[in-house]
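Worksheet for the structure shown next.
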Amino acid sequence: MELVLWLGLFLPLAGALLLFVCHNFISRRNTGIVGCSLVFFSFLCFVKLLYEYSQGIYLPEVTLFSWIQIKGFDADFSLHLDHLSLLMALIVTGVGFLIHLFSIGYMDHDEHFVRFFALLNFFIFSMLLLVLAAHLLVFFIGWEGVGVASYLLIGFWYERPAASKAAKKAFIVNRIGDLGLLLGILLTFHIFGTGNIHEICRRAPLEFTVGAPILAAIALLYFWGATGKSAQLPLQTWLPDAMEGPTPVSALIHAATMVTAGVYLVVRMNPIYTTAPAVLTLIGYVGAITSLYAAFSALSQKDLKRVLAFSTISQLGLMFLACGVGAFYAAMFHLTTHAFIKALLFLSAGNVVHMLSGETEMDKMGGLFQKLPKTAFLFLIGALALSGIAPLAAFFSKDLILEEASLTGYTTLYSVGLLVTVLTGFYLIRAYCLTFTGASRVDAKLWKNLHDAPSVMMIPVTILALLTLFGGLLGYASSVPPLLMSFLDKDSQAFFIKALAFGFHLTTDVWFSLAASIAGVGLAAFIYTNFRERLSRGKLAEFLYQSFYINQLYAFLIVRPLQFFSQLSSKIFEPKIFEGIIPVCTHVTNSTSRVLQELQSGQIRSYISWIVVGSAILLVYLVFEGFYA
């Protein structure tokens, strides 16, 4: 089992290294085979481990080598595979493989085909290292690894200024969040004397009382890191701009890797968070506000991929809302279904963008159902699923979050969740209508030759559609605990939802949730199939399109002052003060050296004279010192 685990982790890294080394002479066909097959074999490794776990055969913590041997700061390169990390590994490699397969068709004509697959493989490896790490420092390596990979992939088309700028923005904003995580890790070392994640989680509730300030500080610093990686307020601005990268990158970042890392961190460290209820409540409200903010922002976006980007921010907010009310299982359930649905939506959008030669503006689409019927149908499945329409996957996971918020007494969070549900249905169906229905606004030359994507792109999307249709069954059962709940409950009782026991209940909360979904979907469908041509952009629409002008606010409060001080330094302080001091120092040094040169004349008479003068001064000093004494 240990060998299978190491293979599962390092096969994607081997693929990345092989492609980087051979990029000058490896063919596109072999690149696709290497890039996809090694991720698929990694997935099979974790399927094998899943089978072993189902038979009651568990893998203890395994260590590859001793890394840092300092008392209180010791760190081994070790992995720990439990049910939570195994679930994440299956999502990362399974969905990641489908995105790799899709990329063969999407990036077929790109000049840097090999580099793209090498970076995708490295991305998968980094995320696997993050979720499998048994030590905080190994976890941090994976955390930074996905940050580097995202920077390189978002800026993959670096010759485009917008892509280069988006990559730098993502990197810098994530560094702000990573500072909080690093401080949290250092504080954890100071308090616990170890970086072993499972040892920390075991000791935290035993050694500290509920509400202990030091644990609250650690929990808050971890969440600071999570807000950067999972694009929550106030560090959410990088994710919509990240759409400048190739669409498979967007799918990989949003569905299987990167942005889910923050949610995973909070769920993984749930013993610390349950001991810091104030921070947990803060997480719930930050998630709710972020979810609502992103949902409103998505209402007026013109770019198809940006709509989906804001949708991701909103759904991640719901996951944090679930964590905030203590429903860690609900958060992981929604993370799982969201991975299927968001990959489906992004890859369906990728089919559209690919067929339209890179066009992403919905104002230049319309009527595409006639030319891309399969893609339109698959996108609609994803849109309805994420909107919460029964019996598709996200209906069960999203409804569970809302029901838990209601049952635990968080009425405000429940109300926000309902409103987000209405808005989600509205902006996703709006995107569908603007893209696939109505009169065509596509360029006539493109329209003439339009057709559905090739099989290598359609097959992964179809598989994701099936997972979207039936994925809800992972967390739903009529008379026994659901499969996913039973699986995660073997790690920690924190995942088990005592309030719901098991099954699906047609409560008032469920009916409200379903009604909200139908209302959002129905309203958007009615408006954008009947009155689309009459809609005009007003001040409110522009306000939402600009995402509440938060980017502009940050530019005014942070970016411009920093630019001003940097220019002040480069144009005034450096040339006139720092560089001006250098000649003064040089002159003083030269003058002093000349004086000292005169003292060192080499003449014995001069030296004797100075000795006599010095002796006289010393004698006078000694006489006066004795007199006053």
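Just remember, in the structure tokens the first chain shown is A, the second B, etc., residues are 1-based per chain, and ligands are 1-based in the order shown.
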Legend entry - Contact residues around region 369-383 of chain A with only C-alpha atoms at 9 Å, ignoring same-chain residues under 4 positions, as a count of residues only: 36
Inset, instruction - From a DSSP calculation on the backbone, collect every residue of region 146-366 of chain A in helix (DSSP H, G or I) and output the set as JSON, numbers by chain. - result: {"A": [146, 147, 148, 149, 150, 151, 152, 153, 154, 161, 162, 163, 164, 165, 166, 167, 168, 169, 170, 171, 172, 173, 174, 175, 176, 177, 178, 179, 180, 181, 182, 183, 184, 185, 186, 187, 188, 189, 190, 191, 192, 197, 198, 199, 200, 201, 202, 203, 204, 205, 206, 207, 213, 214, 215, 216, 217, 218, 219, 220, 221, 222, 223, 224, 225, 226, 227, 228, 229, 238, 239, 240, 241, 242, 243, 244, 247, 248, 249, 250, 251, 252, 253, 254, 255, 256, 258, 259, 260, 261, 262, 263, 264, 265, 266, 267, 268, 270, 271, 272, 273, 274, 277, 278, 279, 280, 281, 282, 283, 284, 285, 286, 287, 288, 289, 290, 291, 292, 293, 294, 295, 296, 297, 298, 304, 305, 306, 307, 308, 309, 310, 311, 312, 313, 314, 315, 316, 317, 318, 319, 320, 321, 322, 323, 324, 328, 329, 330, 331, 332, 333, 334, 335, 336, 337, 338, 339, 340, 341, 342, 343, 344, 345, 346, 347, 348, 349, 350, 351, 352, 353, 354, 355, 362, 363, 364]}
Legend entry - Contact residues around Arg306 (chain A) with only C-alpha atoms at 6 Å, ignoring same-chain residues under 3 positions, as a list in words: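 Counting only C-alpha atoms, the residues come to Pro240, Asp303 and Ala309 of chain A.
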Inset, instruction - Kindly indicate which residue among A:Gly142, A:Gly211, A:Gly147, A:Gly96 lies nearest to Thr275 (chain A), using only C-alpha atoms for the distances. - result: A:Gly211
Inset, instruction - Extract the full set of strand (DSSP E or B) residues from region 20-266 of chain A according to DSSP on the backbone, and format it as an MDAnalysis selection string. - result: chainID A and resid 62:68 75:79 133 135 196
Inset, instruction - Find the spatial neighbours of region 36-52 of chain A, counting only C-alpha atoms, within a cut-off of 8 Å - ignore same-chain residues fewer than 6 positions away - and output them as a PyMOL selection string. - result: chain A and resi 1+4-5+7-9+11-12+15+58+86+89-90+93-94+96-97+100-101+121+124
Inset, instruction - Calculate how many Å separate CA of Ile550 (chain A) from CA of Thr237 (chain A), rounding to one decimal. - result: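 These two atoms are separated by 7.9 Å.
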So which residues touch Glu61 (chain A) within 7 Å, counting only C-alpha atoms, skipping near sequence neighbours fewer than 2 positions away, as a CSV table (one decimal) with C-alpha atoms, in the first residue's frame?
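Final file, result08.csv:
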chain,number,residue,atom,x,y,z
A,59,LEU,CA,-2.4,2.8,5.8
A,63,THR,CA,7.7,8.8,5.8
A,78,SER,CA,5.7,12.2,5.4
A,79,LEU,CA,2.2,11.5,4.1
A,80,HIS,CA,-1.0,10.5,5.9
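The environment of region 410-414 of chain A within 10 Å, counting only C-alpha atoms and disregarding residues fewer than 5 places along the same chain, consists of Thr281, Gly284, Tyr285, Gly287, Ala288, Ile289, Leu318, Leu321, Ala322, Gly324, Val325, Ile401, Leu402, Glu403, Glu404, Ala405, Leu419, Val420, Asp509 and Ser513 of chain A.
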Saved selection, atoms kept: N, CA and C atoms, as a short mmCIF file (atom, residue, chain, number, x, y, z; two decimals), in the first residue's frame:
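So part_14.cif came out as:
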data_model
loop_
_atom_site.label_atom_id
_atom_site.label_comp_id
_atom_site.auth_asym_id
_atom_site.auth_seq_id
_atom_site.Cartn_x
_atom_site.Cartn_y
_atom_site.Cartn_z
N THR A 281 -17.76 31.30 13.58
CA THR A 281 -18.88 32.18 13.22
C THR A 281 -18.45 33.24 12.21
N GLY A 284 -18.32 31.77 8.82
CA GLY A 284 -19.65 31.65 8.25
C GLY A 284 -20.15 32.94 7.63
N TYR A 285 -19.94 34.05 8.34
CA TYR A 285 -20.43 35.34 7.83
C TYR A 285 -19.57 35.85 6.67
N GLY A 287 -18.07 33.92 4.53
CA GLY A 287 -18.52 33.09 3.41
C GLY A 287 -19.85 33.56 2.84
N ALA A 288 -20.78 33.91 3.73
CA ALA A 288 -22.10 34.36 3.28
C ALA A 288 -22.00 35.68 2.51
N ILE A 289 -21.24 36.63 3.05
CA ILE A 289 -21.10 37.93 2.39
C ILE A 289 -20.41 37.78 1.04
N LEU A 318 -20.45 29.55 -0.02
CA LEU A 318 -21.41 28.64 0.62
C LEU A 318 -20.71 27.52 1.38
N LEU A 321 -19.63 29.03 4.51
CA LEU A 321 -20.83 29.20 5.33
C LEU A 321 -21.15 27.90 6.06
N ALA A 322 -21.04 26.78 5.33
CA ALA A 322 -21.28 25.48 5.96
C ALA A 322 -20.29 25.22 7.08
N GLY A 324 -18.82 27.45 8.81
CA GLY A 324 -19.13 28.38 9.88
C GLY A 324 -20.22 27.92 10.81
N VAL A 325 -21.16 27.11 10.31
CA VAL A 325 -22.23 26.59 11.17
C VAL A 325 -21.89 25.19 11.69
N ILE A 401 -26.57 22.32 3.12
CA ILE A 401 -25.96 23.48 3.76
C ILE A 401 -27.02 24.41 4.33
N LEU A 402 -28.05 24.69 3.53
CA LEU A 402 -29.11 25.59 3.98
C LEU A 402 -29.87 24.99 5.16
N GLU A 403 -30.14 23.70 5.10
CA GLU A 403 -30.88 23.07 6.18
C GLU A 403 -30.07 23.08 7.48
N GLU A 404 -28.77 22.85 7.37
CA GLU A 404 -27.92 22.90 8.56
C GLU A 404 -27.87 24.31 9.15
N ALA A 405 -27.79 25.32 8.28
CA ALA A 405 -27.79 26.70 8.76
C ALA A 405 -29.08 27.02 9.50
N LEU A 419 -31.18 33.56 -0.85
CA LEU A 419 -31.04 34.61 -1.85
C LEU A 419 -29.97 34.25 -2.88
N VAL A 420 -28.85 33.69 -2.41
CA VAL A 420 -27.79 33.26 -3.32
C VAL A 420 -28.31 32.19 -4.27
N ASP A 509 -37.78 23.98 4.90
CA ASP A 509 -36.52 24.52 4.38
C ASP A 509 -36.24 23.99 2.98
N SER A 513 -35.96 26.14 -0.47
CA SER A 513 -34.75 26.05 -1.28
C SER A 513 -35.09 25.70 -2.72
#
Inset, instruction - Tell me which protein, DNA and RNA residues are within 6 Å of Met457 (chain A), counting only C-alpha atoms, leaving out same-chain ones fewer than 2 positions away, and put them as a ChimeraX atom specification. - result: /A:102,105,454-455,459
Inset, instruction - Find the distance between CA of Asp489 (chain A) and CA of Val95 (chain A) and write it in Å to one decimal. - result: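 Separation of CA of Asp489 (chain A) and CA of Val95 (chain A): 23.5 Å.
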